[in-house]
Every structure is written in structure tokens, then in C-alpha cells.
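Reproduced below: coords.tsv, with TSV, C-alpha atoms and all ligand atoms.
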```tsv
chain	number	residue	atom	x	y	z
J	981	MET	CA	-14.00	-29.28	-11.86
J	982	ARG	CA	-17.16	-29.65	-13.96
J	983	LEU	CA	-17.30	-26.78	-16.39
J	984	ASN	CA	-20.89	-25.86	-15.62
J	985	ALA	CA	-20.00	-25.40	-11.96
J	986	LEU	CA	-17.58	-22.66	-12.92
J	987	PRO	CA	-19.91	-19.67	-13.04
J	988	ARG	CA	-21.27	-20.55	-9.62
J	989	LEU	CA	-17.78	-20.94	-8.17
J	990	LEU	CA	-16.75	-17.62	-9.67
J	991	CYS	CA	-19.81	-16.00	-8.19
J	992	ARG	CA	-19.02	-17.40	-4.77
J	993	LEU	CA	-15.43	-16.24	-4.99
J	994	THR	CA	-16.20	-12.77	-6.27
J	995	GLY	CA	-19.39	-12.21	-4.31
J	996	CYS	CA	-20.87	-11.09	-7.62
J	997	ASN	CA	-24.44	-11.76	-6.58
J	998	ARG	CA	-24.25	-8.41	-4.85
J	999	SER	CA	-25.53	-6.17	-7.65
J	1000	SER	CA	-22.32	-4.29	-8.35
J	1001	PRO	CA	-19.31	-3.32	-6.30
J	1002	GLY	CA	-20.02	-0.41	-4.01
J	1003	ALA	CA	-23.54	-0.05	-5.39
J	1004	VAL	CA	-25.78	2.30	-3.50
J	1005	HIS	CA	-29.06	1.12	-2.07
J	1006	TYR	CA	-29.14	3.57	0.75
J	1007	SER	CA	-32.52	5.13	1.14
J	1008	LYS	CA	-32.72	8.76	2.13
J	1009	THR	CA	-36.31	8.49	3.32
J	1010	THR	CA	-35.59	8.59	7.04
J	1011	SER	CA	-35.71	12.05	8.51
J	1012	SER	CA	-35.15	11.23	12.16
J	1013	SER	CA	-31.74	12.21	13.50
J	1014	ARG	CA	-31.15	8.61	14.63
J	1015	ARG	CA	-31.36	7.00	11.24
J	1016	CYS	CA	-30.51	3.40	10.80
J	1017	PHE	CA	-28.71	1.91	7.85
J	1018	SER	CA	-30.64	-1.03	6.48
J	1019	SER	CA	-28.70	-4.25	6.38
J	1020	SER	CA	-29.92	-5.07	2.87
J	1021	SER	CA	-27.99	-2.07	1.58
J	1022	SER	CA	-24.39	-2.33	0.57
J	1023	VAL	CA	-21.67	-1.08	2.85
J	1024	VAL	CA	-19.15	1.43	1.49
J	1025	ASP	CA	-15.81	0.28	2.83
J	1026	LEU	CA	-13.17	3.02	2.89
J	1027	ARG	CA	-10.85	1.41	5.43
J	1028	SER	CA	-8.23	0.32	2.93
J	1029	ASP	CA	-7.53	-0.46	-0.72
J	1030	THR	CA	-6.90	-4.04	0.40
J	1031	VAL	CA	-10.62	-4.82	0.84
J	1032	THR	CA	-11.26	-5.38	-2.88
J	1033	ALA	CA	-12.55	-8.74	-4.12
J	1034	PRO	CA	-10.85	-10.38	-7.11
J	1035	SER	CA	-12.83	-9.65	-10.26
J	1036	ARG	CA	-14.19	-12.32	-12.56
J	1037	PRO	CA	-11.58	-11.83	-15.33
J	1038	MET	CA	-8.88	-11.92	-12.66
J	1039	LEU	CA	-10.19	-15.27	-11.41
J	1040	GLU	CA	-10.41	-16.52	-14.98
J	1041	ALA	CA	-6.73	-15.64	-15.43
J	1042	ALA	CA	-6.01	-17.89	-12.45
J	1043	LEU	CA	-8.00	-20.77	-13.94
J	1044	THR	CA	-6.01	-20.83	-17.15
J	1045	ALA	CA	-2.54	-20.04	-15.74
J	1046	PRO	CA	0.20	-22.59	-16.46
J	1047	THR	CA	1.84	-23.66	-13.20
J	1048	GLY	CA	4.87	-25.57	-11.94
J	1049	ASP	CA	6.83	-25.94	-8.73
J	1050	ASP	CA	8.12	-22.45	-7.97
J	1051	VAL	CA	10.47	-23.66	-5.22
J	1052	MET	CA	12.22	-25.47	-8.07
J	1053	GLY	CA	11.94	-22.26	-10.13
J	1054	GLU	CA	9.56	-23.96	-12.58
J	1055	ASP	CA	6.32	-22.01	-12.38
J	1056	PRO	CA	6.00	-20.21	-15.75
J	1057	THR	CA	3.40	-17.76	-14.46
J	1058	VAL	CA	5.49	-16.75	-11.46
J	1059	ILE	CA	8.51	-16.37	-13.73
J	1060	GLN	CA	6.46	-14.23	-16.12
J	1061	LEU	CA	5.21	-11.99	-13.30
J	1062	GLN	CA	8.70	-11.57	-11.83
J	1063	GLU	CA	10.18	-10.69	-15.23
J	1064	TYR	CA	7.32	-8.36	-16.06
J	1065	MET	CA	7.74	-6.42	-12.82
J	1066	ALA	CA	11.53	-6.31	-13.10
J	1067	ASP	CA	11.26	-4.96	-16.67
J	1068	LEU	CA	8.76	-2.30	-15.64
J	1069	ALA	CA	11.09	-1.14	-12.88
J	1070	GLY	CA	14.20	-1.38	-15.06
J	1071	LYS	CA	15.79	-3.98	-12.77
J	1072	GLU	CA	17.41	-7.33	-13.52
J	1073	ALA	CA	15.18	-9.66	-11.53
J	1074	GLY	CA	12.10	-10.03	-9.37
J	1075	LEU	CA	10.91	-12.23	-6.53
J	1076	TYR	CA	7.28	-13.07	-5.83
J	1077	VAL	CA	6.33	-13.15	-2.14
J	1078	PRO	CA	2.97	-13.44	-0.37
J	1079	THR	CA	2.88	-9.99	1.27
J	1080	GLY	CA	4.32	-6.51	1.22
J	1081	THR	CA	5.57	-6.99	4.75
J	1082	MET	CA	7.55	-10.02	3.65
J	1083	ALA	CA	8.90	-8.20	0.57
J	1084	ASN	CA	10.32	-5.48	2.82
J	1085	LEU	CA	11.66	-8.00	5.33
J	1086	VAL	CA	13.49	-10.17	2.81
J	1087	SER	CA	14.82	-7.03	1.16
J	1088	ILE	CA	16.29	-5.84	4.46
J	1089	MET	CA	17.69	-9.33	5.12
J	1090	ALA	CA	19.32	-9.40	1.70
J	1091	HIS	CA	20.80	-5.90	1.96
J	1092	CYS	CA	22.07	-6.57	5.51
J	1093	HIS	CA	23.05	-10.21	4.99
J	1094	THR	CA	26.37	-9.80	6.77
J	1095	ARG	CA	24.46	-8.93	10.00
J	1096	ALA	CA	25.44	-6.21	12.48
J	1097	GLY	CA	23.66	-3.97	10.04
J	1098	GLU	CA	21.74	-0.78	10.56
J	1099	ILE	CA	19.22	0.85	8.26
J	1100	ILE	CA	18.25	4.52	8.02
J	1101	ILE	CA	14.53	4.82	7.74
J	1102	GLY	CA	11.63	7.25	8.22
J	1103	ALA	CA	10.14	7.28	11.71
J	1104	ASN	CA	6.64	7.20	10.21
J	1105	SER	CA	7.34	4.54	7.63
J	1106	HIS	CA	5.30	1.37	7.39
J	1107	ILE	CA	8.43	-0.67	8.13
J	1108	SER	CA	9.02	1.29	11.35
J	1109	LEU	CA	5.41	1.33	12.52
J	1110	TRP	CA	3.39	-1.53	11.12
J	1111	GLU	CA	5.60	-4.54	10.46
J	1112	ALA	CA	5.75	-5.86	14.02
J	1113	GLY	CA	9.35	-4.82	14.50
J	1114	ASN	CA	10.43	-7.62	12.20
J	1115	ALA	CA	13.61	-5.87	11.05
J	1116	ALA	CA	14.84	-6.23	14.65
J	1117	SER	CA	13.22	-9.47	15.70
J	1118	LEU	CA	13.68	-11.52	12.52
J	1119	ALA	CA	16.36	-9.84	10.42
J	1120	GLY	CA	18.54	-8.85	13.39
J	1121	VAL	CA	18.84	-5.35	11.96
J	1122	HIS	CA	18.86	-2.12	13.91
J	1123	THR	CA	16.69	0.71	12.57
J	1124	ARG	CA	17.86	4.30	12.79
J	1125	GLN	CA	14.63	6.25	12.50
J	1126	LEU	CA	14.64	9.83	11.21
J	1127	PRO	CA	11.69	12.20	10.89
J	1128	GLU	CA	10.49	12.57	7.29
J	1129	THR	CA	10.04	15.96	5.69
J	1130	PRO	CA	6.39	16.78	4.86
J	1131	ASP	CA	7.28	15.59	1.33
J	1132	GLY	CA	8.11	12.13	2.65
J	1133	VAL	CA	11.86	12.17	2.15
J	1134	LEU	CA	14.76	12.21	4.62
J	1135	ARG	CA	16.99	15.28	4.91
J	1136	HIS	CA	20.46	14.60	3.57
J	1137	ASP	CA	22.17	16.17	6.57
J	1138	ASP	CA	20.11	13.93	8.89
J	1139	ILE	CA	21.21	10.92	6.84
J	1140	ARG	CA	24.86	12.02	6.99
J	1141	ASP	CA	24.58	12.44	10.79
J	1142	ALA	CA	23.04	9.00	11.20
J	1143	PHE	CA	25.42	7.21	8.84
J	1144	ARG	CA	28.06	5.04	10.55
J	1145	LEU	CA	30.98	2.95	9.36
J	1146	ASP	CA	32.16	-0.20	11.12
J	1147	THR	CA	35.64	1.20	11.76
J	1148	ASP	CA	34.48	2.01	15.31
J	1149	ASP	CA	33.33	-1.04	17.25
J	1150	HIS	CA	30.70	1.06	19.01
J	1151	CYS	CA	28.81	1.24	15.74
J	1152	ALA	CA	26.52	-0.97	13.77
J	1153	LYS	CA	27.45	-0.49	10.14
J	1154	THR	CA	24.88	1.39	8.09
J	1155	ALA	CA	23.90	-0.69	5.08
J	1156	LEU	CA	20.74	0.80	3.69
J	1157	ILE	CA	18.43	3.79	3.39
J	1158	CYS	CA	14.70	3.09	3.03
J	1159	LEU	CA	12.11	5.44	1.56
J	1160	GLU	CA	8.37	4.85	1.11
J	1161	ASN	CA	6.43	5.85	-2.03
J	1162	THR	CA	3.62	6.70	-1.80
J	1163	HIS	CA	4.02	7.50	1.88
J	1164	ASN	CA	1.16	5.93	3.79
J	1165	MET	CA	1.25	7.87	7.07
J	1166	LEU	CA	1.83	11.14	5.25
J	1167	GLY	CA	-1.52	10.63	3.56
J	1168	GLY	CA	-0.47	8.91	0.35
J	1169	ALA	CA	2.12	11.60	-0.44
J	1170	VAL	CA	3.96	11.11	-3.73
J	1171	LEU	CA	7.71	11.51	-3.42
J	1172	ASN	CA	9.31	13.88	-5.91
J	1173	PRO	CA	11.34	11.68	-8.30
J	1174	ASP	CA	14.22	14.19	-8.16
J	1175	ASP	CA	14.39	13.75	-4.37
J	1176	ILE	CA	14.59	9.98	-4.84
J	1177	HIS	CA	17.36	10.35	-7.41
J	1178	ALA	CA	19.29	12.66	-5.06
J	1179	THR	CA	18.92	10.22	-2.16
J	1180	GLY	CA	20.12	7.37	-4.41
J	1181	LYS	CA	23.17	9.39	-5.40
J	1182	LEU	CA	23.92	10.25	-1.77
J	1183	ALA	CA	23.67	6.56	-0.86
J	1184	HIS	CA	25.81	5.31	-3.73
J	1185	ASP	CA	28.33	8.03	-4.47
J	1186	GLU	CA	28.94	9.51	-1.06
J	1187	LEU	CA	28.13	6.84	1.52
J	1188	GLY	CA	28.64	3.58	-0.38
J	1189	ILE	CA	25.31	2.07	0.76
J	1190	GLN	CA	22.07	1.04	-0.92
J	1191	LEU	CA	18.58	2.49	-1.32
J	1192	HIS	CA	15.35	0.49	-0.93
J	1193	ILE	CA	11.87	1.81	-1.64
J	1194	ASP	CA	8.84	0.41	0.09
J	1195	GLY	CA	6.65	0.84	-2.96
J	1196	ALA	CA	3.53	-0.89	-1.69
J	1197	ARG	CA	1.60	1.84	-3.55
J	1198	ILE	CA	4.27	2.88	-6.04
J	1199	PHE	CA	1.84	2.59	-8.96
J	1200	ASN	CA	-0.22	5.33	-7.34
J	1201	ALA	CA	2.96	7.42	-7.50
J	1202	VAL	CA	3.53	6.41	-11.14
J	1203	VAL	CA	0.02	7.53	-12.10
J	1204	ALA	CA	0.04	10.71	-10.00
J	1205	SER	CA	3.49	11.87	-11.09
J	1206	GLN	CA	3.06	10.68	-14.71
J	1207	GLN	CA	6.55	9.20	-14.64
J	1208	SER	CA	7.43	5.65	-15.51
J	1209	LEU	CA	8.28	3.18	-12.78
J	1210	GLN	CA	11.67	2.78	-14.41
J	1211	ASN	CA	12.35	6.49	-14.19
J	1212	ILE	CA	11.25	6.73	-10.56
J	1213	CYS	CA	13.49	3.77	-9.65
J	1214	GLN	CA	16.57	4.58	-11.72
J	1215	HIS	CA	18.77	5.35	-8.67
J	1216	VAL	CA	17.12	2.79	-6.41
J	1217	ASP	CA	18.57	-0.66	-5.66
J	1218	SER	CA	15.40	-2.47	-4.65
J	1219	VAL	CA	11.65	-1.87	-4.64
J	1220	SER	CA	8.87	-3.85	-2.98
J	1221	ILE	CA	5.57	-3.55	-4.83
J	1222	CYS	CA	2.15	-4.73	-3.60
J	1223	LEU	CA	-0.29	-6.24	-6.07
J	1224	SER	CA	-2.98	-6.43	-3.39
J	1225	LYS	CA	-3.40	-2.74	-2.62
J	1226	GLY	CA	-4.93	-0.48	-5.27
J	1227	LEU	CA	-4.39	-3.02	-8.06
J	1228	GLY	CA	-6.96	-5.43	-6.65
J	1229	ALA	CA	-5.14	-8.78	-6.53
J	1230	PRO	CA	-6.09	-10.96	-3.56
J	1231	LEU	CA	-2.48	-11.27	-2.39
J	1232	GLY	CA	1.12	-11.01	-3.46
J	1233	SER	CA	3.99	-8.58	-3.75
J	1234	VAL	CA	7.02	-8.52	-5.99
J	1235	LEU	CA	10.48	-7.42	-4.89
J	1236	VAL	CA	12.78	-6.23	-7.69
J	1237	GLY	CA	16.51	-5.54	-7.82
J	1238	ASP	CA	19.70	-6.90	-9.36
J	1239	LYS	CA	20.31	-10.63	-9.77
J	1240	GLU	CA	22.66	-11.08	-6.83
J	1241	PHE	CA	20.31	-9.15	-4.54
J	1242	ILE	CA	17.36	-11.30	-5.64
J	1243	ARG	CA	19.42	-14.47	-5.04
J	1244	LEU	CA	20.00	-13.34	-1.44
J	1245	ALA	CA	16.36	-12.28	-1.07
J	1246	LYS	CA	15.21	-15.70	-2.28
J	1247	ARG	CA	17.27	-17.37	0.40
J	1248	ALA	CA	15.84	-14.93	2.96
J	1249	ARG	CA	12.34	-15.78	1.73
J	1250	LYS	CA	13.09	-19.44	2.40
J	1251	ARG	CA	14.30	-18.60	5.91
J	1252	CYS	CA	11.00	-16.78	6.46
J	1253	GLY	CA	9.07	-19.89	5.41
J	1254	GLY	CA	7.87	-18.42	2.15
J	1255	GLY	CA	8.77	-20.71	-0.76
J	1256	MET	CA	5.49	-21.55	-2.51
J	1257	ARG	CA	4.80	-24.35	-4.98
J	1258	GLN	CA	2.17	-23.85	-7.77
J	1259	ALA	CA	2.04	-20.16	-6.93
J	1260	GLY	CA	1.17	-19.35	-10.56
J	1261	VAL	CA	-2.49	-19.66	-9.59
J	1262	VAL	CA	-2.25	-16.47	-7.54
J	1263	ALA	CA	0.62	-14.90	-9.52
J	1264	ALA	CA	-1.73	-14.94	-12.53
J	1265	MET	CA	-4.12	-12.71	-10.62
J	1266	GLY	CA	-1.24	-10.39	-9.73
J	1267	LEU	CA	-0.18	-10.25	-13.37
J	1268	TYR	CA	-3.74	-9.50	-14.41
J	1269	ALA	CA	-3.86	-6.73	-11.78
J	1270	VAL	CA	-0.70	-4.99	-12.91
J	1271	GLN	CA	-1.55	-5.33	-16.61
J	1272	ASN	CA	-5.10	-4.02	-16.28
J	1273	ASN	CA	-5.58	-1.95	-13.15
J	1274	VAL	CA	-2.82	0.64	-13.09
J	1275	GLU	CA	-4.28	3.42	-15.24
J	1276	ARG	CA	-7.61	3.31	-13.44
J	1277	LEU	CA	-5.87	4.39	-10.20
J	1278	GLU	CA	-6.47	7.89	-11.54
J	1279	GLN	CA	-10.16	7.35	-10.70
J	1280	ASP	CA	-9.26	6.59	-7.09
J	1281	HIS	CA	-7.19	9.76	-6.91
J	1282	ILE	CA	-9.96	11.92	-8.35
J	1283	ARG	CA	-12.46	10.51	-5.85
J	1284	ALA	CA	-10.06	10.90	-2.93
J	1285	LYS	CA	-9.40	14.52	-3.87
J	1286	ARG	CA	-13.12	15.20	-4.03
J	1287	LEU	CA	-13.65	13.56	-0.66
J	1288	GLY	CA	-10.73	15.47	0.88
J	1289	ALA	CA	-11.92	18.81	-0.54
J	1290	GLU	CA	-15.44	18.21	0.80
J	1291	LEU	CA	-14.15	17.53	4.32
J	1292	HIS	CA	-11.64	20.37	4.25
J	1293	SER	CA	-14.25	22.91	3.13
J	1294	ASN	CA	-16.51	21.79	5.99
J	1295	GLY	CA	-13.94	22.58	8.66
J	1296	PHE	CA	-12.31	19.18	9.13
J	1297	PHE	CA	-8.59	19.12	9.85
J	1298	LEU	CA	-6.56	17.71	6.95
J	1299	PRO	CA	-2.77	17.37	7.09
J	1300	ARG	CA	-0.75	19.26	4.46
J	1301	ASN	CA	-3.48	21.89	4.38
J	1302	GLY	CA	-5.82	19.54	2.57
J	1303	GLN	CA	-3.45	18.42	-0.16
J	1304	VAL	CA	-4.42	14.94	-1.37
J	1305	ASP	CA	-1.97	13.38	-3.86
J	1306	THR	CA	-3.36	9.88	-4.33
J	1307	ASN	CA	-5.96	7.61	-2.70
J	1308	LEU	CA	-5.44	8.19	1.04
J	1309	ILE	CA	-6.99	10.91	3.19
J	1310	PHE	CA	-6.30	11.45	6.85
J	1311	PHE	CA	-8.63	13.80	8.67
J	1312	GLY	CA	-9.47	15.07	12.14
J	1313	LEU	CA	-12.91	16.18	13.32
J	1314	PRO	CA	-13.86	19.86	13.19
J	1315	PRO	CA	-13.45	21.66	16.55
J	1316	ASP	CA	-17.23	21.86	17.06
J	1317	SER	CA	-18.02	18.35	15.84
J	1318	LYS	CA	-21.43	17.00	16.85
J	1319	VAL	CA	-20.00	13.51	17.33
J	1320	SER	CA	-17.02	12.49	19.42
J	1321	ARG	CA	-13.96	10.70	18.15
J	1322	GLU	CA	-15.16	7.49	19.81
J	1323	GLU	CA	-18.63	7.67	18.27
J	1324	LEU	CA	-17.75	8.42	14.66
J	1325	ILE	CA	-16.80	4.96	13.42
J	1326	PRO	CA	-19.64	2.99	15.04
J	1327	ARG	CA	-22.27	5.58	14.10
J	1328	LEU	CA	-21.14	5.86	10.48
J	1329	LEU	CA	-21.43	2.11	10.15
J	1330	LYS	CA	-24.72	1.72	11.96
J	1331	GLU	CA	-26.53	4.72	10.51
J	1332	TYR	CA	-24.97	5.10	7.06
J	1333	GLY	CA	-23.19	1.85	6.24
J	1334	ILE	CA	-19.83	3.59	5.90
J	1335	LYS	CA	-16.61	1.99	7.12
J	1336	LEU	CA	-13.41	3.87	7.79
J	1337	SER	CA	-10.45	3.45	10.11
J	1338	GLY	CA	-9.21	5.61	12.96
J	1339	GLY	CA	-6.73	6.02	15.76
J	1340	TYR	CA	-3.93	7.53	13.67
J	1341	SER	CA	-1.34	10.05	14.93
J	1342	ARG	CA	-1.81	13.47	16.53
J	1343	GLY	CA	-2.65	11.64	19.73
J	1344	GLY	CA	-4.79	9.12	17.88
J	1345	GLU	CA	-7.22	11.74	16.68
J	1346	LEU	CA	-6.92	11.16	12.95
J	1347	PHE	CA	-9.16	8.96	10.83
J	1348	ARG	CA	-8.24	7.48	7.46
J	1349	LEU	CA	-10.22	7.08	4.25
J	1350	CYS	CA	-8.91	5.12	1.31
J	1351	THR	CA	-10.43	4.94	-2.16
J	1352	HIS	CA	-10.14	1.82	-4.32
J	1353	MET	CA	-11.55	-0.03	-7.32
J	1354	ASP	CA	-14.56	-1.56	-5.57
J	1355	LEU	CA	-16.09	1.88	-4.94
J	1356	ASN	CA	-18.09	4.10	-7.25
J	1357	ASP	CA	-18.88	7.82	-7.33
J	1358	GLU	CA	-22.17	7.38	-5.48
J	1359	GLY	CA	-20.54	5.43	-2.65
J	1360	VAL	CA	-17.80	8.01	-2.22
J	1361	ASP	CA	-20.28	10.91	-2.29
J	1362	ARG	CA	-22.49	9.08	0.18
J	1363	ALA	CA	-19.50	8.73	2.52
J	1364	ALA	CA	-18.68	12.45	2.30
J	1365	GLU	CA	-22.31	13.39	2.93
J	1366	ALA	CA	-22.57	11.02	5.87
J	1367	ILE	CA	-19.41	12.26	7.59
J	1368	VAL	CA	-20.33	15.92	7.08
J	1369	SER	CA	-23.91	15.51	8.20
J	1370	LEU	CA	-22.97	13.52	11.31
J	1371	CYS	CA	-20.19	15.87	12.39
J	1372	CYS	CA	-21.61	19.19	11.26
J	1373	GLY	CA	-25.26	18.37	11.93
J	1374	ARG	CA	-26.37	19.23	8.42
J	1375	PRO	CA	-29.12	17.26	6.69
U	1401	LIG	C1	0.32	-2.28	3.23
U	1401	LIG	C2	1.71	-1.79	3.23
U	1401	LIG	C3	2.78	-2.68	3.38
U	1401	LIG	C4	2.59	-4.14	3.70
U	1401	LIG	O1	1.86	-4.85	2.78
U	1401	LIG	P1	1.06	-6.18	3.24
U	1401	LIG	O2	0.81	-6.84	1.94
U	1401	LIG	O3	-0.14	-5.70	3.96
U	1401	LIG	O4	1.98	-6.96	4.13
U	1401	LIG	C5	4.06	-2.17	3.33
U	1401	LIG	N1	4.27	-0.87	3.14
U	1401	LIG	C6	3.28	0.02	2.98
U	1401	LIG	C7	3.61	1.47	2.73
U	1401	LIG	C8	1.97	-0.40	3.03
U	1401	LIG	O5	0.98	0.49	2.89
```
Take the structure I supplied and represent it as C-alpha cells, if you would.
Amino acid sequence: MRLNALPRLLCRLTGCNRSSPGAVHYSKTTSSSRRCFSSSSSVVDLRSDTVTAPSRPMLEAALTAPTGDDVMGEDPTVIQLQEYMADLAGKEAGLYVPTGTMANLVSIMAHCHTRAGEIIIGANSHISLWEAGNAASLAGVHTRQLPETPDGVLRHDDIRDAFRLDTDDHCAKTALICLENTHNMLGGAVLNPDDIHATGKLAHDELGIQLHIDGARIFNAVVASQQSLQNICQHVDSVSICLSKGLGAPLGSVLVGDKEFIRLAKRARKRCGGGMRQAGVVAAMGLYAVQNNVERLEQDHIRAKRLGAELHSNGFFLPRNGQVDTNLIFFGLPPDSKVSREELIPRLLKEYGIKLSGGYSRGGELFRLCTHMDLNDEGVDRAAEAIVSLCCGRP
């Protein structure tokens, strides 16, 4: 590529000709109740922390990354990322995969590689709800789904009741317990590290099985609990970690665990079609993300708490009595809301340029907001104002 074409390419890739991420151009001049958001203004997108665009320095990291054929194990950047993540988690090895869904799937395949396996898992976990039933359809693994406590863990007596050996041919042998941290459907709840340790000990010392954590947002838990990743994971056998959620990489997850587990996971990745060649180009962006964008998650948490408090104090329903641990907020409309459940999303977009997602639990009545690095204080405040004024009819 010609060097002088680089800035333009970077601009195209990052969309940096918008003035700044999440910048506010919304004009408050309209006073009619049917205001209309002008299309020249920027949209504030609170649907997910996956909507972020790769930043310029992140793209520059990709441009200078050394690469090789990773199927042959020769991509230095992928190797560096895998080792970096394994070290952070205090594990022996890592495996780079395209998505969090695939990280969980190959983890389950590796833990249950002898087949006829069963895993004990939260009924509201991402693996149970949002991964297309792949544990059953692709891994051939049966999921035993237990209700989580409000803190996002599984009760030990429930685990003991669900646990089964293969001495009885009626039973699929239990191989694994899965937890999720932070817990998405519980509103970004941070698991208490002591609860994770206790579950790890139950798995290892009493039941002779393994513990996996779906840690798509585990760095949010690291920042919120002020504990190291290594400490959180000390009694955990494997962790899947997304680089493309709050950390801002365009794609990629890393699965970490011991060497033999990663060897089995790598074979499972191949069976899933996922060996990549010069993957260092994208792994470099993941490495940049994890080396630069962890501490700033605190910002996302502060903004989410502010947003949650604003809704809660205006009569919106918030699970856990309004407690917001990290960057996710679920909410239901106040009983006397001026807009219906069906109207909220289209009207927020059309009239205020605010995007959020809906249709979650309690009969589909909950909406979700998610803060991330491409937002700023003004955008978040504008979202809170818009939701409150639409639903509560205040100016
Ligand atoms: C998003 C998410 C995943 C899946 O990650 P993708 O990269 O979207 O496949 C897994 N677990 C949890 C808890 C998630 O939030």
C-alpha cells in the first residue's frame, strides 16, 4: 500500500470523519412533543459493547504486526497474545479463536472430549440461551441447566443433586460446571471471587470434574472487584475471554487453560472450521485492546451506574433493586409509562437518536442498555434524559 494512502484508509476503517465517538450534536430547540432527531446528528448506540469501531492506534498495531501461518503455529503475534492472556489468567496456555461463542464451544468440546458428557450450567447463561444450542448440536453434550442465585452462582446442593457418574447407564456422565462472569442476563453482575473458589473446590475435590468460566466480560469483573484475573481464576480450569466486548477489538476471543486442555481445544477449533492463517493482523488489535483498554472500563461502569440510578429514581423497574455492578443495565418501564413497550425503541431512535435493545425476560418486558468506549458523558446523559422524558412525559 502507498504510504500516503494510509491516513485515508485508517479514516475509512475507523469512521473517524465523524467528529468524535459518541459526540453530541442533538439540538434541544424543538419544543413540540413529536420531536424528530436530525439525521446529521450522531446516534448514541447503547445496544451492546460490541458496537465499537477499532481506534486508529489499534489499526496501526495491526499494520505493523509480524505475522506467520497460525495453523502451523508460526504467527508471532498470535503466539504473543495467547501467552499474554494465559499469563494474566495464571494458566499454562491460550488459544485464539474468532468469537466468544466459539471459545465456549471448543472449551466444552475439549472438556467433554470422551462424549456422552453432561455439563452443569446456569439456566440464564449465555451458553444456554444465546449460542444456538451448539453444545447439543455440535459438541454432542447435554446441558443440565440450574437456576442461578441472584449473585450469578449455582447453589452447591443443586450442583450435587445434578451431578451424575457413569456407573449407571441411565446417566450421562457429568464432566463440567460452567459459570459466567460478569453475568450478562443478571445485568452484568460480578461474581464474588470467593464463590468461584468454592465452586472450583467443589468441582475438583468433591466431584472430580472441571470448572469453566464464560468470561466474555471478565475484565469488567476484574476492574469492578479490584482483583487480578489470576486471583479470580485460581480454582478455574478454563476461561473464555472476549476482546471484542468492552475492550474494543473488532473480533477475537482467547481461551486459556492447561496445555493438554488447549491441545484438545485446538483440535476442536479445527473441527469447527476455525484454524486461521495470518491471524496476527487481528490478534494485534486484540493485544492492543487488552494492553490499553482494561482500566478505562471503570468509566463505563460509572456511566452505567449513573444511567441506572437515573432510571431507578424515575420509577423504572430495575432488577436487583437497581444495583448496577458493571456496564449493563436491564430495565422495565414504569407502571404509568407514557409510551408502550413496542413504541419505546423506534421512538427513541427516531426522535432522540438513541439505540437500545429490548425483549429480555420477565415476559419480554425488559430493555437493555450497555455502556462502552465509544460513548461519552453527554451521550449517556442524553440517553437518560430521552428515556425519562419519553416515558415520564417530562421535558
Ligand atoms: C457476547 C457473549 C458471548 C459470545 O461472544 P461472541 O463473540 O459474540 O460470540 C459469550 N458469553 C457472554 C456472557 C457474552 O456476553
Worksheet entry | Shell of 8 Å around Asp1055 in chain J, only C-alpha atoms, local chain residues under 2 positions omitted, as a ChimeraX atom specification | /J:1046-1050,1053,1057-1059,1257-1260
Compile the contact shell of Cys1092 in chain J as an mmCIF file with C-alpha atoms, in the frame of the given file: residues with an atom at most 9 Å away, counting all atoms listed in the file, same-chain residues fewer than 5 positions apart removed.
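As a result, around_9.cif now contains:
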```
data_model
loop_
_atom_site.group_PDB
_atom_site.id
_atom_site.type_symbol
_atom_site.label_atom_id
_atom_site.label_comp_id
_atom_site.auth_asym_id
_atom_site.auth_seq_id
_atom_site.Cartn_x
_atom_site.Cartn_y
_atom_site.Cartn_z
ATOM 1 C CA SER J 1087 14.820 -7.030 1.160
ATOM 2 C CA GLY J 1097 23.660 -3.970 10.040
ATOM 3 C CA GLU J 1098 21.740 -0.780 10.560
ATOM 4 C CA ILE J 1099 19.220 0.850 8.260
ATOM 5 C CA ALA J 1119 16.360 -9.840 10.420
ATOM 6 C CA GLY J 1120 18.540 -8.850 13.390
ATOM 7 C CA VAL J 1121 18.840 -5.350 11.960
ATOM 8 C CA THR J 1154 24.880 1.390 8.090
ATOM 9 C CA ALA J 1155 23.900 -0.690 5.080
ATOM 10 C CA LEU J 1156 20.740 0.800 3.690
#
```
Practice prompt. Name each residue within 6 Å of ligand LIG 1401 (chain U), counting all atoms listed in the file, as a PyMOL selection string.
Written response: chain J and resi 1079-1081+1106+1164+1194+1196
Would you kindly return, as a VMD selection string, each protein, DNA or RNA residue with an atom no farther than 8 Å from any atom of His1215 in chain J, considering all atoms listed in the file and excluding same-chain residues fewer than 5 positions away? chain J and resid 1176 to 1177 1180 to 1181 1191
Taking (0.3, -11.6, -11.8) as a centre in this file's frame and 8 Å as the limit, can you find every polymer residue with an atom that close, using only C-alpha atoms, and give them as a list in words? Thr1057, Val1058, Gln1060, Leu1061, Leu1223, Gly1260, Val1262, Ala1263, Ala1264, Met1265, Gly1266, Leu1267, Tyr1268, Ala1269 and Val1270 of chain J
| field | Polymer residues at most 9 Å from Ile1107 in chain J, only C-alpha atoms, same-chain spacing of 3 or more positions, as number ranges by chain | value | J: 1081, 1084-1085, 1101-1104, 1110-1115, 1158, 1160, 1194
Selected residue, from J:Ile1198, J:Arg1362, J:Gly1167, J:Cys1213, that lies nearest to Gly1302 in chain J when counting all atoms listed in the file
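Ranking J:Ile1198, J:Arg1362, J:Gly1167, J:Cys1213 by distance to Gly1302 in chain J, first place goes to J:Gly1167.
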Computed gap from CA of Gly1295 in chain J to CA of Leu1313 in chain J is 8.0 Å
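The space separating CA of Phe1310 in chain J from CA of Phe1347 in chain J comes to 5.5 Å.
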| query | Interatomic distance between CA of Asp1238 in chain J and CA of Ala1183 in chain J? | reply |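 One can read the CA of Asp1238 in chain J to CA of Ala1183 in chain J distance as 16.4 Å.
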*asked:* List the spatial neighbours of Thr1162 in chain J as an NGL selection string - criterion: any atom at most 8 Å away, all atoms listed in the file, same-chain residues fewer than 3 positions off excluded.
replied: :J and (1168-1171 or 1195-1198 or 1200-1201)
Save the residues we just selected, C-alpha atoms, as a PDB file, keeping the file's coordinate frame?
```
ATOM      1  CA  GLY J1168      -0.470   8.910   0.350  1.00  0.00           C
ATOM      2  CA  ALA J1169       2.120  11.600  -0.440  1.00  0.00           C
ATOM      3  CA  VAL J1170       3.960  11.110  -3.730  1.00  0.00           C
ATOM      4  CA  LEU J1171       7.710  11.510  -3.420  1.00  0.00           C
ATOM      5  CA  GLY J1195       6.650   0.840  -2.960  1.00  0.00           C
ATOM      6  CA  ALA J1196       3.530  -0.890  -1.690  1.00  0.00           C
ATOM      7  CA  ARG J1197       1.600   1.840  -3.550  1.00  0.00           C
ATOM      8  CA  ILE J1198       4.270   2.880  -6.040  1.00  0.00           C
ATOM      9  CA  ASN J1200      -0.220   5.330  -7.340  1.00  0.00           C
ATOM     10  CA  ALA J1201       2.960   7.420  -7.500  1.00  0.00           C
TER      11      ALA J1201
END
```
Report task. Scan for residues within 12 Å of the point (-5.6, 3.0, 11.2) in the coordinates of the file, using all atoms listed in the file, and reply as a PyMOL selection string. Result -> chain J and resi 1026-1028+1106+1109-1110+1164-1165+1167+1308-1311+1325+1335-1341+1344-1350
